[in-house]
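Report on the following structure.
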Amino acid sequence: MTELMIDAVRITKKFGKMTALDGVDLQVPKGTVMGLLGHNGAGKTTLVNILSTLTTATSGTARVAGYDVLTDGHEVRGRIGLTGQFASVDEQITGLDNLVLIARLLGAGKREARERADELLTVFDLTAAGGRKAQTYSGGMRRRLDLAASLVGHPDVIFLDEPTTGLDPSSRNSLWEIVERLVREGTTVLLTTQYLEEADRLADRITVLASGRIVAAGTADQLKGDIGTRTIMLTLAHPGDVTVAMDALKRAGLSPSHDVTRRKISSPAVASTDLILAVRALDRAGVMVTELGISEPSLDDVYLALNHDPKADADNANAVTQIIKAISAA
Ligand SMILES: Nc1ncnc2c1ncn2[C@@H]1O[C@H](COP(=O)(O)OP(=O)(O)OP(=O)(O)O)[C@@H](O)[C@H]1O
Ligand SMILES: [Mg+2]
């Protein structure tokens with residue numbers, strides 16, 4: 001049996017009357033990456049905080065690296081690394097000193113601490129900036145230093161709470177590569193992210209939280225297969241054909257929508273024959289296309305489908321109506 005490095009059972013967390021987590025189960029086998037997705041306020045950080053012993057659950061149990069977060073918090077803390085949603089480096093001292101300080105706190109001797117710090121600065125491409133105060137670092141450099149700091153103690157489990165938010169594509173990529181390397185070496189990762197692409201690339205399995213409950217779980221492919229729909233995409237040779245093409249597709253039983261500026265029409269492909277229906281309908285209507293294809297569902301589709309809240313839509317619609325009324329009355 002595979003060893004579970006994170007094993008949370010029926011975790012509930014209440015803040016007063018507000019229920020931030022409601023019976024959440026989470027199992028993460030050793031050496032794998034679990035992606036935790038969810039809207040703002042879904043409960044991701046709260047769950048990370050419970051698992052990393054920063055806060056306690058109202059009910060439920062959790063073991064991390066084999067130890068109970070409640071009764072063996074000290075053992076847990078010695079085996080985890082945490083990179084929070086907001087960087088927590090000491091701004092007033094240098095990057096190098098930040099890392100040395102943590103290594104010393106974890107019990108390393110002077111020389112050993114310096115060696116570990118130098119090693120991490122190299123991995124995170126911060127050697128040149130190592131002697132500068134952290135307050136002079138860019139956002140991306142700070143994030144990298146923050147992640148480096150969480151790795152000083154060679155943790156078995158790392159919690160990454162939105163580690164790449166605000167990073168440019170190249171910094172994001174180098175961070176992904178570092179995470180992949182850690183996982184190859186056996187580290188277990190719990191990653192929260194708003195970037196579906198990030199979950200798709202890094203996570204072995206994904207759990208989707210919505211308002212404190214798990215609404216979906218599985219591999220990226222499973223989630224896409226279960227929830228996402230494929231989409232027919234086509235580009236018109238003549239932009240003037242939009243109306244004719246839309247009508248033809250609707251008559252064929254499809255539900256097309258179009259993007260005026262880019263001459264593109266898309267339509268969900270529910271049945272496997274929908275693409276053929278589209279081609280026939282366009283041909284009959286004499287519409288020429290320059291591009292025609294079918295796209296696989298992305299995790300974004302899955303996410304939108306799961307987080308679709310009809311009430312929120314109604315609220316938005318109401319708000320817009322109110323604004324329009326207010327403007328026309330003025
Ligand atoms: N200390 C607290 N006191 C009261 N309510 C809290 C506290 N911490 C979190 N909450 C509430 O719990 C819910 C979950 O918050 P949490 O920070 O876990 O969400 P999140 O999924 O991390 O969101 P985000 O994507 O914005 O980071 C929110 O409604 C939040 O307002
Ligand atoms: Mg959060």
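Convention: chains lettered A, B, ... in structure tokens order; per-chain residue numbering from 1; ligands numbered from 1 as shown.
Selection of all polymer residues within 8 Å of ligand 2 on the basis of only C-alpha atoms and all ligand atoms gives A:Asn40, A:Gly41, A:Gly43, A:Lys44, A:Thr45, A:Thr46, A:Gln85, A:Asp161, A:Glu162, A:Thr192.
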Suppose we keep C-alpha atoms; can you now write the selection as a CSV table (one decimal), in the first residue's frame?
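Once everything was written out, this is again01.csv:
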```
chain,number,residue,atom,x,y,z
A,40,ASN,CA,-11.7,33.0,-3.5
A,41,GLY,CA,-12.9,32.1,0.0
A,43,GLY,CA,-11.3,27.3,2.1
A,44,LYS,CA,-8.0,26.5,0.5
A,45,THR,CA,-5.7,28.5,2.9
A,46,THR,CA,-7.8,27.4,5.9
A,85,GLN,CA,0.0,33.0,0.0
A,161,ASP,CA,-0.3,28.2,-1.2
A,162,GLU,CA,-0.6,30.0,-4.6
A,192,THR,CA,-3.3,25.6,-4.1
```
Neighbours of ligand 1 at 10 Å or closer, counting only C-alpha atoms and all ligand atoms: which residues, as a compact mmCIF listing (two decimals) with N, CA, C and O atoms, in the first residue's frame?
```txt
# COMPACT_ATOMS: atom_id res chain seq x y z
N LYS A 13 -14.13 23.38 9.75
CA LYS A 13 -13.61 24.56 10.45
C LYS A 13 -14.67 25.65 10.42
O LYS A 13 -15.16 26.03 9.37
N LYS A 14 -15.01 26.11 11.62
CA LYS A 14 -15.97 27.20 11.72
C LYS A 14 -15.28 28.44 12.27
O LYS A 14 -14.45 28.34 13.18
N PHE A 15 -15.60 29.58 11.70
CA PHE A 15 -15.19 30.87 12.27
C PHE A 15 -16.48 31.50 12.76
O PHE A 15 -17.24 32.04 11.95
N GLY A 16 -16.77 31.38 14.03
CA GLY A 16 -18.07 31.86 14.52
C GLY A 16 -19.16 31.06 13.85
O GLY A 16 -19.14 29.83 13.86
N LYS A 17 -20.09 31.76 13.22
CA LYS A 17 -21.21 31.07 12.55
C LYS A 17 -20.83 30.61 11.16
O LYS A 17 -21.52 29.80 10.54
N MET A 18 -19.70 31.16 10.66
CA MET A 18 -19.31 30.88 9.28
C MET A 18 -18.58 29.54 9.18
O MET A 18 -17.65 29.30 9.94
N THR A 19 -19.01 28.68 8.28
CA THR A 19 -18.33 27.39 8.10
C THR A 19 -17.38 27.48 6.92
O THR A 19 -17.82 27.56 5.77
N ALA A 20 -16.08 27.50 7.21
CA ALA A 20 -15.10 27.66 6.13
C ALA A 20 -14.79 26.31 5.48
O ALA A 20 -14.51 26.24 4.28
N LEU A 21 -14.81 25.24 6.28
CA LEU A 21 -14.60 23.89 5.73
C LEU A 21 -15.67 22.98 6.32
O LEU A 21 -15.96 23.05 7.52
N LEU A 36 -5.04 21.79 -5.22
CA LEU A 36 -6.27 22.19 -4.54
C LEU A 36 -6.79 23.45 -5.22
O LEU A 36 -6.13 24.49 -5.19
N LEU A 37 -7.93 23.31 -5.88
CA LEU A 37 -8.49 24.44 -6.62
C LEU A 37 -9.75 24.94 -5.93
O LEU A 37 -10.41 24.18 -5.24
N GLY A 38 -10.07 26.18 -6.16
CA GLY A 38 -11.31 26.70 -5.60
C GLY A 38 -11.35 28.21 -5.68
O GLY A 38 -10.30 28.86 -5.70
N HIS A 39 -12.56 28.74 -5.71
CA HIS A 39 -12.76 30.20 -5.83
C HIS A 39 -12.19 30.92 -4.61
O HIS A 39 -11.86 30.28 -3.60
N ASN A 40 -12.12 32.23 -4.65
CA ASN A 40 -11.68 33.02 -3.50
C ASN A 40 -12.63 32.73 -2.34
O ASN A 40 -13.84 32.79 -2.51
N GLY A 41 -12.04 32.38 -1.20
CA GLY A 41 -12.87 32.11 -0.03
C GLY A 41 -13.39 30.68 0.05
O GLY A 41 -14.19 30.35 0.94
N ALA A 42 -12.94 29.80 -0.86
CA ALA A 42 -13.43 28.42 -0.88
C ALA A 42 -12.96 27.63 0.34
O ALA A 42 -13.59 26.65 0.74
N GLY A 43 -11.84 28.05 0.92
CA GLY A 43 -11.33 27.35 2.11
C GLY A 43 -9.93 26.75 1.93
O GLY A 43 -9.46 26.03 2.81
N LYS A 44 -9.27 27.06 0.83
CA LYS A 44 -7.96 26.46 0.53
C LYS A 44 -6.92 26.81 1.60
O LYS A 44 -6.27 25.91 2.16
N THR A 45 -6.75 28.09 1.88
CA THR A 45 -5.74 28.50 2.85
C THR A 45 -6.08 27.96 4.24
O THR A 45 -5.19 27.53 4.98
N THR A 46 -7.35 27.94 4.56
CA THR A 46 -7.76 27.40 5.86
C THR A 46 -7.32 25.94 5.99
O THR A 46 -6.79 25.53 7.02
N LEU A 47 -7.51 25.16 4.93
CA LEU A 47 -7.11 23.75 4.98
C LEU A 47 -5.59 23.63 5.11
O LEU A 47 -5.09 22.83 5.91
N VAL A 48 -4.86 24.43 4.33
CA VAL A 48 -3.39 24.42 4.42
C VAL A 48 -2.96 24.78 5.84
O VAL A 48 -2.08 24.15 6.42
N ASN A 49 -3.61 25.78 6.43
CA ASN A 49 -3.24 26.20 7.78
C ASN A 49 -3.50 25.11 8.82
O ASN A 49 -2.73 24.94 9.76
N ILE A 50 -4.57 24.36 8.63
CA ILE A 50 -4.86 23.27 9.57
C ILE A 50 -3.79 22.17 9.43
O ILE A 50 -3.25 21.68 10.42
N THR A 55 -3.33 26.53 12.48
CA THR A 55 -4.62 26.68 13.14
C THR A 55 -5.19 25.28 13.39
O THR A 55 -4.67 24.30 12.86
N GLY A 84 3.53 30.39 2.15
CA GLY A 84 2.18 30.94 2.27
C GLY A 84 1.79 31.79 1.08
O GLY A 84 2.59 32.08 0.20
N GLN A 85 0.52 32.18 1.11
CA GLN A 85 -0.03 32.99 0.02
C GLN A 85 0.66 34.36 0.00
O GLN A 85 0.78 34.97 -1.05
N PHE A 86 1.08 34.83 1.16
CA PHE A 86 1.75 36.13 1.22
C PHE A 86 3.18 35.90 1.71
O PHE A 86 3.39 35.26 2.73
N ASP A 161 0.96 27.55 -1.09
CA ASP A 161 -0.32 28.24 -1.20
C ASP A 161 -0.18 29.35 -2.24
O ASP A 161 0.41 30.39 -1.98
N GLU A 162 -0.71 29.08 -3.43
CA GLU A 162 -0.61 30.00 -4.56
C GLU A 162 0.83 30.50 -4.77
O GLU A 162 1.10 31.69 -4.71
N THR A 192 -2.00 24.89 -3.71
CA THR A 192 -3.25 25.57 -4.05
C THR A 192 -2.93 26.54 -5.18
O THR A 192 -1.84 27.09 -5.24
N THR A 193 -3.85 26.70 -6.07
CA THR A 193 -3.58 27.60 -7.19
C THR A 193 -4.86 28.10 -7.82
O THR A 193 -5.92 27.47 -7.71
N GLN A 194 -4.77 29.24 -8.43
CA GLN A 194 -5.89 29.77 -9.23
C GLN A 194 -5.62 29.49 -10.70
O GLN A 194 -6.44 29.77 -11.55
N LEU A 209 -12.51 22.59 -4.34
CA LEU A 209 -13.31 23.03 -3.20
C LEU A 209 -14.25 24.14 -3.66
O LEU A 209 -13.86 25.00 -4.44
N ALA A 210 -15.47 24.12 -3.16
CA ALA A 210 -16.37 25.25 -3.37
C ALA A 210 -17.13 25.47 -2.07
O ALA A 210 -17.73 24.51 -1.54
N SER A 211 -17.04 26.66 -1.53
CA SER A 211 -17.68 27.00 -0.26
C SER A 211 -17.45 25.94 0.82
O SER A 211 -18.37 25.52 1.51
N GLY A 212 -16.19 25.51 0.95
CA GLY A 212 -15.82 24.62 2.03
C GLY A 212 -16.11 23.15 1.84
O GLY A 212 -15.87 22.35 2.73
```
Restricting to only C-alpha atoms, whichever of A:Ile214, A:Val100, A:Ala199, A:Met288 is closest to Gly240 (chain A) is A:Met288
Neighbour list for Ser257 (chain A) as a PyMOL selection string, cut-off 10 Å, only C-alpha atoms, skip fewer than 2 positions in-chain
chain A and resi 233+246+249-250+254-255+259-260+264-268
For Val123 (chain A), the closest of A:Val244, A:Val76, A:Val64, A:Ala148 counting only C-alpha atoms is A:Ala148
